[in-house]
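start_34.cif follows; it contains mmCIF, C-alpha atoms.
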data_protein
#
loop_
_atom_site.label_atom_id
_atom_site.label_comp_id
_atom_site.auth_asym_id
_atom_site.auth_seq_id
_atom_site.Cartn_x
_atom_site.Cartn_y
_atom_site.Cartn_z
CA MET M 14 73.35 -94.31 -71.76
CA ASN M 15 70.04 -95.47 -73.17
CA PRO M 16 67.19 -92.94 -73.49
CA ARG M 17 64.70 -92.72 -70.65
CA ASP M 18 61.07 -93.60 -71.29
CA PRO M 19 59.15 -90.32 -71.82
CA ALA M 20 56.03 -92.01 -70.40
CA GLU M 21 57.81 -93.37 -67.32
CA SER M 22 55.48 -93.25 -64.33
CA HIS M 23 56.44 -91.46 -61.11
CA ARG M 24 59.47 -89.80 -62.73
CA ALA M 25 60.83 -87.34 -60.19
CA ALA M 26 63.87 -85.17 -59.65
CA THR M 27 66.90 -87.04 -58.32
CA PRO M 28 69.06 -86.03 -55.32
CA LEU M 29 71.83 -85.14 -57.78
CA GLU M 30 69.50 -82.77 -59.65
CA LEU M 31 68.51 -81.11 -56.38
CA LEU M 32 72.17 -80.64 -55.45
CA PHE M 33 72.75 -79.22 -58.93
CA ASP M 34 70.01 -76.64 -58.35
CA LEU M 35 71.42 -75.61 -54.98
CA VAL M 36 74.86 -75.06 -56.48
CA PHE M 37 73.43 -72.98 -59.30
CA VAL M 38 71.37 -70.83 -56.96
CA VAL M 39 74.66 -69.69 -55.41
CA ALA M 40 75.46 -68.06 -58.75
CA VAL M 41 71.91 -66.65 -58.90
CA ALA M 42 72.34 -65.12 -55.45
CA GLN M 43 75.61 -63.50 -56.45
CA ALA M 44 74.05 -62.04 -59.59
CA ALA M 45 71.07 -60.67 -57.63
CA ALA M 46 73.36 -59.17 -55.00
CA ARG M 47 75.38 -57.29 -57.62
CA LEU M 48 72.16 -56.07 -59.24
CA HIS M 49 71.03 -54.77 -55.85
CA HIS M 50 74.23 -52.79 -55.32
CA ALA M 51 74.32 -51.47 -58.89
CA VAL M 52 70.76 -50.13 -58.68
CA ALA M 53 71.32 -48.68 -55.19
CA GLU M 54 74.42 -46.85 -56.48
CA ASP M 55 72.44 -45.47 -59.44
CA HIS M 56 74.28 -47.59 -62.02
CA VAL M 57 71.00 -48.99 -63.27
CA GLY M 58 71.77 -49.36 -66.98
CA SER M 59 75.12 -51.07 -66.63
CA GLY M 60 73.96 -53.09 -63.63
CA VAL M 61 70.88 -54.47 -65.38
CA ALA M 62 72.85 -55.25 -68.54
CA GLY M 63 75.55 -57.07 -66.60
CA TYR M 64 72.95 -58.95 -64.57
CA LEU M 65 71.05 -60.13 -67.64
CA MET M 66 74.25 -61.29 -69.34
CA VAL M 67 75.48 -63.20 -66.30
CA PHE M 68 72.05 -64.68 -65.71
CA PHE M 69 71.95 -65.96 -69.28
CA ALA M 70 75.08 -68.03 -68.57
CA ILE M 71 73.54 -69.47 -65.40
CA TRP M 72 70.13 -70.15 -66.92
CA TRP M 73 71.32 -71.64 -70.20
CA ALA M 74 73.70 -74.10 -68.57
CA TRP M 75 71.00 -75.11 -66.08
CA MET M 76 68.39 -75.53 -68.80
CA ASN M 77 70.58 -77.69 -71.02
CA PHE M 78 71.53 -79.96 -68.14
CA THR M 79 67.87 -80.31 -67.16
CA TRP M 80 66.66 -81.36 -70.60
CA PHE M 81 69.60 -83.71 -71.12
CA ALA M 82 69.01 -85.35 -67.74
CA SER M 83 65.35 -85.79 -68.56
CA ALA M 84 66.32 -87.74 -71.67
CA TYR M 85 69.48 -89.63 -70.63
CA ASP M 86 70.02 -89.56 -66.85
CA THR M 87 71.80 -92.81 -65.98
CA ASP M 88 73.09 -91.72 -62.55
CA ASP M 89 76.19 -93.86 -62.98
CA VAL M 90 79.77 -92.89 -62.12
CA PRO M 91 80.73 -91.17 -65.43
CA TYR M 92 77.45 -89.27 -65.44
CA ARG M 93 77.90 -88.05 -61.87
CA ILE M 94 81.49 -86.95 -62.51
CA ALA M 95 80.42 -84.94 -65.55
CA VAL M 96 77.66 -83.28 -63.51
CA PHE M 97 80.13 -82.45 -60.73
CA VAL M 98 82.30 -80.72 -63.31
CA GLN M 99 79.29 -78.66 -64.42
CA MET M 100 78.65 -77.70 -60.80
CA THR M 101 82.27 -76.60 -60.48
CA GLY M 102 81.81 -74.38 -63.50
CA ALA M 103 78.74 -72.81 -61.87
CA LEU M 104 80.80 -71.93 -58.79
CA VAL M 105 83.47 -70.37 -61.02
CA VAL M 106 80.73 -68.28 -62.61
CA ALA M 107 79.54 -67.23 -59.14
CA ALA M 108 83.07 -66.17 -58.22
CA GLY M 109 83.29 -63.99 -61.33
CA VAL M 110 79.93 -62.24 -61.04
CA HIS M 111 81.36 -59.30 -59.10
CA ARG M 112 83.92 -58.51 -61.80
CA ALA M 113 81.43 -59.04 -64.61
CA VAL M 114 78.68 -56.76 -63.29
CA ASP M 115 80.82 -54.10 -61.61
CA GLU M 116 83.91 -54.01 -63.80
CA LYS M 117 82.70 -55.53 -67.10
CA ASP M 118 85.40 -58.19 -66.78
CA PHE M 119 83.75 -61.39 -68.04
CA GLY M 120 86.90 -63.49 -68.03
CA MET M 121 86.05 -65.66 -65.02
CA VAL M 122 82.36 -65.90 -65.89
CA THR M 123 83.31 -67.05 -69.39
CA LEU M 124 85.72 -69.62 -67.96
CA GLY M 125 83.05 -71.04 -65.68
CA TYR M 126 80.47 -71.04 -68.44
CA VAL M 127 82.76 -72.85 -70.87
CA ILE M 128 83.51 -75.45 -68.19
CA MET M 129 79.79 -76.03 -67.66
CA ARG M 130 79.04 -76.31 -71.35
CA LEU M 131 82.02 -78.42 -72.44
CA ALA M 132 81.32 -80.88 -69.61
CA ALA M 133 78.10 -81.67 -71.46
CA VAL M 134 79.92 -82.69 -74.66
CA PRO M 135 81.11 -86.13 -73.44
CA GLN M 136 77.59 -86.74 -72.19
CA TRP M 137 76.11 -86.12 -75.63
CA LEU M 138 78.82 -88.28 -77.26
CA ARG M 139 77.99 -91.08 -74.83
CA ALA M 140 74.33 -90.76 -75.70
CA ALA M 141 75.16 -90.80 -79.42
CA ARG M 142 76.98 -94.11 -79.02
CA SER M 143 74.23 -95.70 -76.91
CA ASP M 144 71.16 -94.38 -78.76
CA PRO M 145 71.46 -95.04 -82.50
CA GLU M 146 67.97 -93.70 -83.16
CA HIS M 147 68.97 -90.24 -81.95
CA ARG M 148 72.64 -90.41 -82.83
CA ARG M 149 72.42 -87.50 -85.26
CA ASN M 150 70.63 -85.32 -82.69
CA CYS M 151 73.26 -86.02 -80.04
CA LEU M 152 76.18 -85.34 -82.38
CA ARG M 153 74.59 -82.06 -83.45
CA TYR M 154 74.33 -81.01 -79.83
CA ALA M 155 77.98 -81.86 -79.18
CA ALA M 156 79.21 -80.06 -82.29
CA GLY M 157 77.03 -77.01 -81.66
CA ILE M 158 78.24 -76.67 -78.08
CA ILE M 159 81.91 -76.85 -79.08
CA VAL M 160 81.58 -74.28 -81.88
CA VAL M 161 79.72 -71.75 -79.74
CA GLN M 162 82.14 -72.14 -76.83
CA ILE M 163 84.99 -71.18 -79.14
CA GLY M 164 82.99 -68.08 -79.95
CA TRP M 165 82.58 -67.19 -76.26
CA VAL M 166 86.33 -67.41 -75.72
CA LEU M 167 87.04 -65.25 -78.77
CA ARG M 168 84.51 -62.68 -77.53
CA LEU M 169 86.89 -61.84 -74.70
CA LEU M 170 89.14 -60.23 -77.31
CA LEU M 171 86.47 -57.68 -78.24
CA PRO M 172 86.70 -54.18 -76.75
CA ASP M 173 84.16 -53.14 -74.12
CA GLY M 174 81.00 -51.37 -75.15
CA ALA M 175 79.01 -51.99 -78.30
CA PRO M 176 81.34 -54.64 -79.82
CA ALA M 177 81.25 -56.78 -76.67
CA ILE M 178 77.47 -56.44 -76.30
CA THR M 179 76.94 -57.24 -79.98
CA GLY M 180 79.15 -60.29 -79.64
CA PHE M 181 77.15 -61.42 -76.62
CA LEU M 182 73.85 -61.09 -78.47
CA VAL M 183 75.14 -62.99 -81.51
CA LEU M 184 76.50 -65.83 -79.38
CA ALA M 185 73.39 -65.96 -77.21
CA LEU M 186 71.28 -66.38 -80.35
CA ALA M 187 73.68 -69.08 -81.53
CA GLU M 188 73.22 -70.93 -78.23
CA LEU M 189 69.45 -70.70 -78.55
CA ALA M 190 69.65 -72.04 -82.09
CA VAL M 191 71.57 -75.21 -81.15
CA PRO M 192 68.56 -77.14 -79.71
CA ALA M 193 66.36 -76.13 -82.65
CA PHE M 194 69.07 -77.36 -85.02
CA ALA M 195 69.84 -80.53 -83.07
CA GLU M 196 66.24 -81.63 -82.58
CA ARG M 197 65.37 -81.54 -86.28
CA GLY M 198 64.38 -84.88 -87.76
CA GLY M 199 63.33 -86.51 -84.48
CA ALA M 200 63.31 -85.19 -80.93
CA THR M 201 65.19 -86.65 -77.98
CA THR M 202 62.97 -88.41 -75.44
CA TRP M 203 62.57 -85.92 -72.60
CA HIS M 204 59.85 -86.44 -69.98
CA PRO M 205 57.22 -83.62 -69.87
CA HIS M 206 56.23 -84.11 -66.23
CA HIS M 207 59.86 -84.34 -65.16
CA ILE M 208 60.70 -81.14 -67.03
CA ALA M 209 57.73 -79.31 -65.48
CA GLU M 210 58.77 -80.46 -62.01
CA ARG M 211 62.38 -79.40 -62.52
CA TYR M 212 61.37 -75.91 -63.65
CA GLY M 213 58.96 -75.63 -60.75
CA LEU M 214 61.61 -76.61 -58.24
CA PHE M 215 64.08 -74.08 -59.58
CA THR M 216 61.39 -71.39 -59.45
CA ILE M 217 60.83 -72.21 -55.78
CA ILE M 218 64.56 -72.03 -55.05
CA VAL M 219 64.93 -68.66 -56.82
CA LEU M 220 61.93 -67.25 -54.96
CA GLY M 221 63.47 -68.51 -51.73
CA GLU M 222 66.64 -66.63 -52.59
CA SER M 223 64.55 -63.47 -52.95
CA ILE M 224 63.17 -63.98 -49.44
CA LEU M 225 66.71 -64.42 -48.14
CA SER M 226 67.89 -61.22 -49.84
CA ALA M 227 65.05 -59.20 -48.36
CA THR M 228 65.54 -60.73 -44.90
CA VAL M 229 69.26 -59.92 -44.86
CA ALA M 230 68.54 -56.35 -45.96
CA VAL M 231 65.92 -55.82 -43.23
CA GLN M 232 68.20 -57.33 -40.60
CA GLY M 233 71.05 -55.06 -41.70
CA ALA M 234 68.83 -51.97 -41.51
CA MET M 235 67.62 -52.87 -38.02
CA ASP M 236 71.13 -53.65 -36.76
CA ALA M 237 72.45 -50.34 -38.09
CA ASP M 238 70.01 -48.44 -35.82
CA ASP M 239 70.21 -45.36 -38.03
CA GLY M 240 66.71 -44.09 -37.57
CA VAL M 241 64.91 -46.33 -40.03
CA GLY M 242 61.23 -46.40 -39.15
CA ILE M 243 60.08 -49.80 -37.92
CA GLY M 244 56.71 -49.14 -39.50
CA HIS M 245 58.21 -48.71 -42.96
CA LEU M 246 60.36 -51.82 -42.56
CA ALA M 247 57.29 -53.74 -41.44
CA THR M 248 55.25 -52.73 -44.48
CA THR M 249 58.17 -53.56 -46.76
CA ALA M 250 58.62 -56.96 -45.11
CA ILE M 251 54.90 -57.76 -45.26
CA GLY M 252 54.67 -56.59 -48.85
CA GLY M 253 57.75 -58.59 -49.79
CA LEU M 254 56.30 -61.76 -48.32
CA LEU M 255 53.00 -61.17 -50.10
CA ILE M 256 54.87 -60.72 -53.38
CA VAL M 257 56.87 -63.94 -53.06
CA PHE M 258 53.91 -65.99 -51.82
CA THR M 259 51.62 -64.77 -54.59
CA LEU M 260 54.21 -65.24 -57.32
CA TRP M 261 54.54 -68.84 -56.15
CA TRP M 262 50.74 -69.21 -56.16
CA LEU M 263 50.44 -67.81 -59.67
CA TYR M 264 53.24 -69.95 -61.08
CA PHE M 265 51.65 -73.18 -59.87
CA SER M 266 48.07 -72.18 -60.68
CA LYS M 267 48.18 -74.09 -63.98
CA PRO M 268 49.77 -77.45 -64.87
CA ALA M 269 52.71 -77.08 -67.22
CA ALA M 270 53.43 -80.63 -68.36
CA GLU M 271 50.45 -80.76 -70.70
CA LEU M 272 51.83 -77.76 -72.59
CA LEU M 273 55.03 -79.58 -73.57
CA THR M 274 53.56 -81.41 -76.54
CA SER M 275 55.99 -80.52 -79.33
CA ILE M 276 59.49 -79.20 -79.88
CA PRO M 277 58.41 -75.67 -80.92
CA ARG M 278 56.03 -75.27 -77.96
CA SER M 279 58.53 -76.80 -75.54
CA LEU M 280 61.32 -74.52 -76.73
CA ARG M 281 59.14 -71.43 -76.36
CA TRP M 282 58.10 -72.54 -72.89
CA GLY M 283 61.64 -73.37 -71.84
CA TYR M 284 63.18 -70.23 -73.33
CA GLY M 285 60.49 -68.05 -71.75
CA HIS M 286 61.66 -69.16 -68.33
CA TYR M 287 64.75 -67.04 -68.74
CA LEU M 288 62.51 -64.06 -67.92
CA VAL M 289 60.65 -65.99 -65.21
CA PHE M 290 63.84 -66.96 -63.37
CA ALA M 291 65.66 -63.66 -63.97
CA SER M 292 62.70 -61.54 -62.83
CA ALA M 293 62.08 -63.72 -59.77
CA ALA M 294 65.68 -63.31 -58.66
CA ALA M 295 65.55 -59.57 -59.44
CA VAL M 296 62.57 -59.21 -57.10
CA GLY M 297 64.89 -60.03 -54.20
CA ALA M 298 67.36 -57.39 -55.38
CA GLY M 299 64.52 -54.87 -55.65
CA LEU M 300 63.29 -55.62 -52.14
CA ALA M 301 66.80 -55.08 -50.81
CA VAL M 302 66.94 -51.75 -52.67
CA SER M 303 63.65 -50.72 -51.04
CA VAL M 304 65.07 -51.42 -47.59
CA ASP M 305 68.21 -49.43 -48.42
CA GLN M 306 66.04 -46.58 -49.65
CA ALA M 307 64.22 -46.49 -46.33
CA ALA M 308 67.59 -46.37 -44.57
CA HIS M 309 68.79 -43.55 -46.87
CA LYS M 310 71.62 -45.72 -48.18
CA THR M 311 70.94 -45.34 -51.90
CA HIS M 312 71.73 -42.73 -54.55
CA ILE M 313 68.38 -42.99 -56.30
CA GLY M 314 64.96 -41.47 -55.78
CA ASP M 315 61.86 -43.06 -54.34
CA LEU M 316 60.34 -43.67 -57.78
CA ALA M 317 63.42 -45.52 -59.03
CA ALA M 318 63.48 -47.60 -55.84
CA GLY M 319 59.83 -48.48 -56.42
CA PHE M 320 60.53 -49.52 -59.99
CA ALA M 321 63.31 -51.81 -58.70
CA VAL M 322 60.52 -53.98 -57.27
CA THR M 323 57.60 -53.39 -59.59
CA VAL M 324 59.38 -53.85 -62.92
CA PRO M 325 60.63 -57.41 -62.23
CA VAL M 326 57.24 -58.32 -60.75
CA ALA M 327 55.49 -57.00 -63.86
CA VAL M 328 57.88 -58.92 -66.13
CA PHE M 329 57.19 -62.08 -64.14
CA LEU M 330 53.42 -61.58 -64.45
CA VAL M 331 53.40 -60.92 -68.20
CA THR M 332 55.77 -63.79 -68.94
CA LEU M 333 53.75 -66.18 -66.79
CA TRP M 334 50.57 -65.06 -68.53
CA LEU M 335 52.09 -65.88 -71.92
CA LEU M 336 53.52 -69.23 -70.80
CA HIS M 337 50.77 -70.63 -68.55
CA LEU M 338 47.47 -68.79 -68.76
CA GLN M 339 46.99 -68.06 -72.43
CA PRO M 340 47.89 -71.57 -73.60
CA HIS M 341 45.19 -73.00 -71.32
CA HIS M 342 42.54 -70.89 -73.11
CA ALA M 343 41.01 -69.51 -69.93
CA GLY M 344 38.01 -67.19 -70.06
CA ARG M 345 38.40 -63.50 -70.78
CA VAL M 346 38.38 -62.36 -67.16
CA HIS M 347 40.77 -65.03 -65.95
CA ALA M 348 43.11 -64.75 -68.92
CA TRP M 349 43.57 -60.99 -68.62
CA VAL M 350 44.20 -60.91 -64.89
CA GLY M 351 47.97 -61.12 -65.51
CA PRO M 352 48.39 -58.14 -67.86
CA VAL M 353 46.00 -55.95 -65.86
CA ALA M 354 47.80 -56.84 -62.64
CA ALA M 355 51.15 -56.01 -64.29
CA VAL M 356 49.90 -52.52 -65.21
CA LEU M 357 48.58 -51.96 -61.68
CA VAL M 358 51.86 -53.17 -60.21
CA LEU M 359 53.80 -50.63 -62.27
CA GLY M 360 51.37 -48.00 -61.05
CA ALA M 361 52.23 -48.97 -57.48
CA SER M 362 55.66 -47.41 -58.07
CA PHE M 363 54.05 -43.98 -57.72
CA THR M 364 52.60 -44.68 -54.27
CA GLY M 365 54.26 -44.15 -50.93
CA GLU M 366 54.42 -47.90 -50.26
CA PRO M 367 55.20 -49.60 -53.58
CA VAL M 368 56.16 -52.94 -52.04
CA LEU M 369 53.04 -53.28 -49.90
CA VAL M 370 50.74 -52.04 -52.66
CA THR M 371 52.32 -54.48 -55.12
CA GLY M 372 51.70 -57.34 -52.71
CA LEU M 373 48.06 -56.30 -52.27
CA VAL M 374 47.56 -56.04 -56.04
CA LEU M 375 48.87 -59.58 -56.46
CA VAL M 376 46.57 -60.86 -53.71
CA ALA M 377 43.64 -59.22 -55.49
CA ALA M 378 44.73 -60.81 -58.78
CA ILE M 379 44.70 -64.25 -57.18
CA VAL M 380 41.28 -63.66 -55.62
CA VAL M 381 39.83 -62.59 -58.99
CA GLY M 382 41.48 -65.48 -60.82
CA GLU M 383 40.33 -68.09 -58.31
CA TYR M 384 36.80 -66.70 -58.12
CA THR M 385 36.28 -66.63 -61.89
CA ARG M 386 37.73 -70.11 -62.26
CA ARG M 387 35.61 -71.71 -59.57
CA ASP M 388 32.53 -69.75 -60.52
CA GLY M 389 32.72 -71.26 -63.97
CA ARG M 390 33.36 -68.00 -65.79
CA GLY M 391 37.06 -68.68 -66.24
CA VAL M 392 36.49 -71.34 -68.88
CA GLY M 393 35.57 -70.92 -72.54
#

Rewritten as structure tokens:
Amino acid sequence: MNPRDPAESHRAATPLELLFDLVFVVAVAQAAARLHHAVAEDHVGSGVAGYLMVFFAIWWAWMNFTWFASAYDTDDVPYRIAVFVQMTGALVVAAGVHRAVDEKDFGMVTLGYVIMRLAAVPQWLRAARSDPEHRRNCLRYAAGIIVVQIGWVLRLLLPDGAPAITGFLVLALAELAVPAFAERGGATTWHPHHIAERYGLFTIIVLGESILSATVAVQGAMDADDGVGIGHLATTAIGGLLIVFTLWWLYFSKPAAELLTSIPRSLRWGYGHYLVFASAAAVGAGLAVSVDQAAHKTHIGDLAAGFAVTVPVAVFLVTLWLLHLQPHHAGRVHAWVGPVAAVLVLGASFTGEPVLVTGLVLVAAIVVGEYTRRDGRGVG
């Protein structure tokens, strides 16, 4: 398991990595579906908390696999078997999402997460044996993973409520600290363009899941034939498509690979995608809530239903602004399009058509951003 060349030309995602993404998006879809039902039933606080905790497990396992594969992907038999085990863990997580979000029973999610994480340990030990230059880094990764997984298992013994949440936060911080600890004294040889492509592909898949969630919700409302206005469903559907299309446009408006120039910057960029991925998936849940609201199937008011869409969109915009726009040092107009659009999106919650208005705000943001960039006033 020799390290891959970080300057390798034409480095692209492999079929195994694409299969890995598709398996993980099953868990994402389950998490978004439970968030949808929790918000619709007016269990917003507990539903959002459970969603964010489950999504951390999905995202962190995906992220660690992605960076390891960028550095050491050999695509041989042992490597593939280890990746298949990680995929199995992701499916176990997906099976436990319902209990975790609705009943606060994280037993199955923890089991799946530990399977995903421990399957990476033999990979790091293999790399340590094959790559003497980065042996210490690899062994630190392996040791850090094992120690933190013990902590996740012990967390199951904590009572529900504040102790369990505190334990989650402590262990999540410990997970985030492992790469910073392991990469000290010489970084592993990940490929910037490969990493940027992998994150972009997963963003596309998550946005696609949001379209699927909204489509299923609209179809269900139409099949129920319970007096839902076709006009309202049409505006929600059009607005939802505008939202997803424009979020895609904004994400790929700036190249990401050139930002991954150091460990600190790369960690900030990679960690920030927790909010990008989580908010993108939550958009689908919010769109489904909006359809349910139109069909009078929720226990929340119109304002709360609007926030179910606008809040994740605003989080996506602000996070993307911090990760992609600001680091490129765009001009004042272009650089502040994201925050201003986020404020306007939140304001759309108070309108009669929050989904459609949000989509139109995002279209306007793209028009302004593209005009200032091409007109030459978006630089400097």

List every residue of region 25-90 of chain M that has an atom at most 12 Å from any atom of region 271-287 of chain M, giving for each one its closest atom pair and the distance in Å to one decimal, counting only C-alpha atoms, sorted by chain and then by ascending residue number, as a tab-separated table.
residue	atom	partner	partner_atom	distance
M:Leu65	CA	M:Tyr287	CA	9.4
M:Met66	CA	M:Tyr287	CA	11.1
M:Val67	CA	M:Tyr287	CA	11.7
M:Phe68	CA	M:Tyr287	CA	8.2
M:Phe69	CA	M:Tyr287	CA	7.3
M:Ala70	CA	M:Tyr287	CA	10.4
M:Ile71	CA	M:Tyr287	CA	9.7
M:Trp72	CA	M:Tyr287	CA	6.5
M:Trp73	CA	M:Tyr287	CA	8.2
M:Ala74	CA	M:Tyr287	CA	11.4
M:Trp75	CA	M:Tyr287	CA	10.5
M:Met76	CA	M:Gly283	CA	7.7
M:Asn77	CA	M:Gly283	CA	10.0
M:Thr79	CA	M:Gly283	CA	10.4
M:Trp80	CA	M:Gly283	CA	9.5

On this file, the PyMOL selection byres ((chain M and resi 140) around 9) gives some set of residues; write that set as a ChimeraX atom specification.
/M:14-16,85,135-139,141-145,147-148,151-152

Running the PyMOL selection byres ((chain M and resi 184) around 12) on this model by hand, what would come out? Give it as a list in words.
Met66, Phe69, Ala70, Gly157, Ile158, Val160, Val161, Gln162, Ile163, Gly164, Trp165, Val166, Leu167, Arg168, Ala177, Ile178, Thr179, Gly180, Phe181, Leu182, Val183, Ala185, Leu186, Ala187, Glu188, Leu189, Ala190 and Val191 of chain M

Would you save the residues of that selection, restricted to C-alpha atoms, as a PDB file, in the frame of the given file?
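Produced file again.pdb, reproduced below:
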ATOM      1  CA  MET M  66      74.250 -61.290 -69.340  1.00  0.00           C
ATOM      2  CA  PHE M  69      71.950 -65.960 -69.280  1.00  0.00           C
ATOM      3  CA  ALA M  70      75.080 -68.030 -68.570  1.00  0.00           C
ATOM      4  CA  GLY M 157      77.030 -77.010 -81.660  1.00  0.00           C
ATOM      5  CA  ILE M 158      78.240 -76.670 -78.080  1.00  0.00           C
ATOM      6  CA  VAL M 160      81.580 -74.280 -81.880  1.00  0.00           C
ATOM      7  CA  VAL M 161      79.720 -71.750 -79.740  1.00  0.00           C
ATOM      8  CA  GLN M 162      82.140 -72.140 -76.830  1.00  0.00           C
ATOM      9  CA  ILE M 163      84.990 -71.180 -79.140  1.00  0.00           C
ATOM     10  CA  GLY M 164      82.990 -68.080 -79.950  1.00  0.00           C
ATOM     11  CA  TRP M 165      82.580 -67.190 -76.260  1.00  0.00           C
ATOM     12  CA  VAL M 166      86.330 -67.410 -75.720  1.00  0.00           C
ATOM     13  CA  LEU M 167      87.040 -65.250 -78.770  1.00  0.00           C
ATOM     14  CA  ARG M 168      84.510 -62.680 -77.530  1.00  0.00           C
ATOM     15  CA  ALA M 177      81.250 -56.780 -76.670  1.00  0.00           C
ATOM     16  CA  ILE M 178      77.470 -56.440 -76.300  1.00  0.00           C
ATOM     17  CA  THR M 179      76.940 -57.240 -79.980  1.00  0.00           C
ATOM     18  CA  GLY M 180      79.150 -60.290 -79.640  1.00  0.00           C
ATOM     19  CA  PHE M 181      77.150 -61.420 -76.620  1.00  0.00           C
ATOM     20  CA  LEU M 182      73.850 -61.090 -78.470  1.00  0.00           C
ATOM     21  CA  VAL M 183      75.140 -62.990 -81.510  1.00  0.00           C
ATOM     22  CA  ALA M 185      73.390 -65.960 -77.210  1.00  0.00           C
ATOM     23  CA  LEU M 186      71.280 -66.380 -80.350  1.00  0.00           C
ATOM     24  CA  ALA M 187      73.680 -69.080 -81.530  1.00  0.00           C
ATOM     25  CA  GLU M 188      73.220 -70.930 -78.230  1.00  0.00           C
ATOM     26  CA  LEU M 189      69.450 -70.700 -78.550  1.00  0.00           C
ATOM     27  CA  ALA M 190      69.650 -72.040 -82.090  1.00  0.00           C
ATOM     28  CA  VAL M 191      71.570 -75.210 -81.150  1.00  0.00           C
TER      29      VAL M 191
END

Any chance you could resolve the PyMOL selection byres ((chain M and resi 196) around 9) against this file and give the residues as a list in words?
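In the shown coordinates, the PyMOL selection byres ((chain M and resi 196) around 9) covers Arg149, Asn150, Cys151, Arg153, Tyr154, Val191, Pro192, Ala193, Phe194, Ala195, Arg197, Gly198, Gly199, Ala200, Thr201 and Ile276 of chain M.
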
Which polymer residues, whether protein, DNA or RNA, lie within 9 Å of the coordinate (73.8, -52.0, -57.6) when you count only C-alpha atoms? List them as number ranges by chain, using the chain letters and numbers from the file.
M: 46-57, 60-61, 114-115, 298, 302

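Near Val96 (chain M), within 10 Å and counting all atoms listed in the file, sit Leu29, Glu30, Phe33, Phe78, Ala82, Asp88, Val90, Pro91, Tyr92, Arg93, Ile94, Val98, Gln99, Met100, Thr101, Gly102, Met129, Ala132, Ala133 and Gln136 of chain M; same-chain residues fewer than 2 positions away were not included.
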
Please compute the CA of Gly360 (chain M)-CA of Thr228 (chain M) distance, one decimal, in Å.
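Computing the Euclidean distance for CA of Gly360 (chain M) and CA of Thr228 (chain M) yields 25.0 Å.
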
Using only C-alpha atoms, find each residue of region 285-388 of chain M with at least one atom at most 9 Å away from an atom of region 241-253 of chain M; report its shortest atom-to-atom pair and that distance in Å (one decimal), sort the rows by chain and rising residue number, and return the result as CSV.
residue,atom,partner,partner_atom,distance
M:Val296,CA,M:Gly253,CA,8.8
M:Gly297,CA,M:Gly253,CA,8.5
M:Leu300,CA,M:Gly253,CA,6.7
M:Ser303,CA,M:Thr249,CA,7.5
M:Val304,CA,M:Leu246,CA,6.9
M:Ala307,CA,M:Val241,CA,6.3
M:Ala308,CA,M:Val241,CA,5.3
M:His309,CA,M:Val241,CA,8.3
M:Glu366,CA,M:Thr248,CA,7.6
M:Pro367,CA,M:Thr249,CA,8.4
M:Val368,CA,M:Gly252,CA,5.1
M:Leu369,CA,M:Gly252,CA,3.8
M:Val370,CA,M:Gly252,CA,7.1
M:Thr371,CA,M:Gly252,CA,7.0
M:Gly372,CA,M:Gly252,CA,4.9
M:Leu373,CA,M:Gly252,CA,7.4

Hey, can you check how far CA of Arg17 (chain M) sits from CA of Val219 (chain M)?
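Those two atoms sit 27.8 Å apart.
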
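With CA of Ala318 (chain M) on one side and CA of Phe363 (chain M) on the other, the separation reads 10.3 Å.
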
Mind listing as a ChimeraX atom specification all residues within 6 Å of (65.0, -85.5, -72.5), counting all atoms listed in the file?
/M:80-81,83-84,201-204

Counting all atoms listed in the file, the residue of M:Phe265, M:Leu357, M:Gly213, M:Asp118 that sits nearest Ala327 (chain M):
M:Leu357

Pick out the closest residue to Pro340 (chain M) from this set: M:Ala269, M:Ala321, M:Met121, M:Val376. Count all atoms listed in the file.
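Among M:Ala269, M:Ala321, M:Met121, M:Val376, it is M:Ala269 that comes nearest to Pro340 (chain M).
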
Between M:Ser223, M:Ser22, M:Gln306, M:Ser292, which one has atoms that come closest to Tyr64 (chain M), using all atoms listed in the file?
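The shortest atom-to-atom distance to Tyr64 (chain M) comes from M:Ser292.
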
Would you mind telling me which residue in M:Pro28, M:Gly109, M:Pro19, M:Pro352 lies nearest to Thr123 (chain M) when using all atoms listed in the file?
M:Gly109

Missing atoms in region 35-40 of chain M: fill them in up to N, CA and C atoms and send the result as an mmCIF file, keeping the file's coordinate frame.
data_model
loop_
_atom_site.group_PDB
_atom_site.id
_atom_site.type_symbol
_atom_site.label_atom_id
_atom_site.label_comp_id
_atom_site.auth_asym_id
_atom_site.auth_seq_id
_atom_site.Cartn_x
_atom_site.Cartn_y
_atom_site.Cartn_z
ATOM 1 N N LEU M 35 70.906 -76.379 -56.106
ATOM 2 C CA LEU M 35 71.420 -75.610 -54.980
ATOM 3 C C LEU M 35 72.745 -74.952 -55.316
ATOM 4 N N VAL M 36 73.589 -75.647 -56.067
ATOM 5 C CA VAL M 36 74.860 -75.060 -56.480
ATOM 6 C C VAL M 36 74.623 -73.886 -57.419
ATOM 7 N N PHE M 37 73.693 -74.051 -58.335
ATOM 8 C CA PHE M 37 73.430 -72.980 -59.300
ATOM 9 C C PHE M 37 72.797 -71.763 -58.642
ATOM 10 N N VAL M 38 72.014 -71.976 -57.598
ATOM 11 C CA VAL M 38 71.370 -70.830 -56.960
ATOM 12 C C VAL M 38 72.406 -69.966 -56.236
ATOM 13 N N VAL M 39 73.579 -70.511 -55.947
ATOM 14 C CA VAL M 39 74.660 -69.690 -55.410
ATOM 15 C C VAL M 39 75.044 -68.615 -56.432
ATOM 16 N N ALA M 40 75.157 -69.024 -57.683
ATOM 17 C CA ALA M 40 75.460 -68.060 -58.750
ATOM 18 C C ALA M 40 74.317 -67.066 -58.919
#
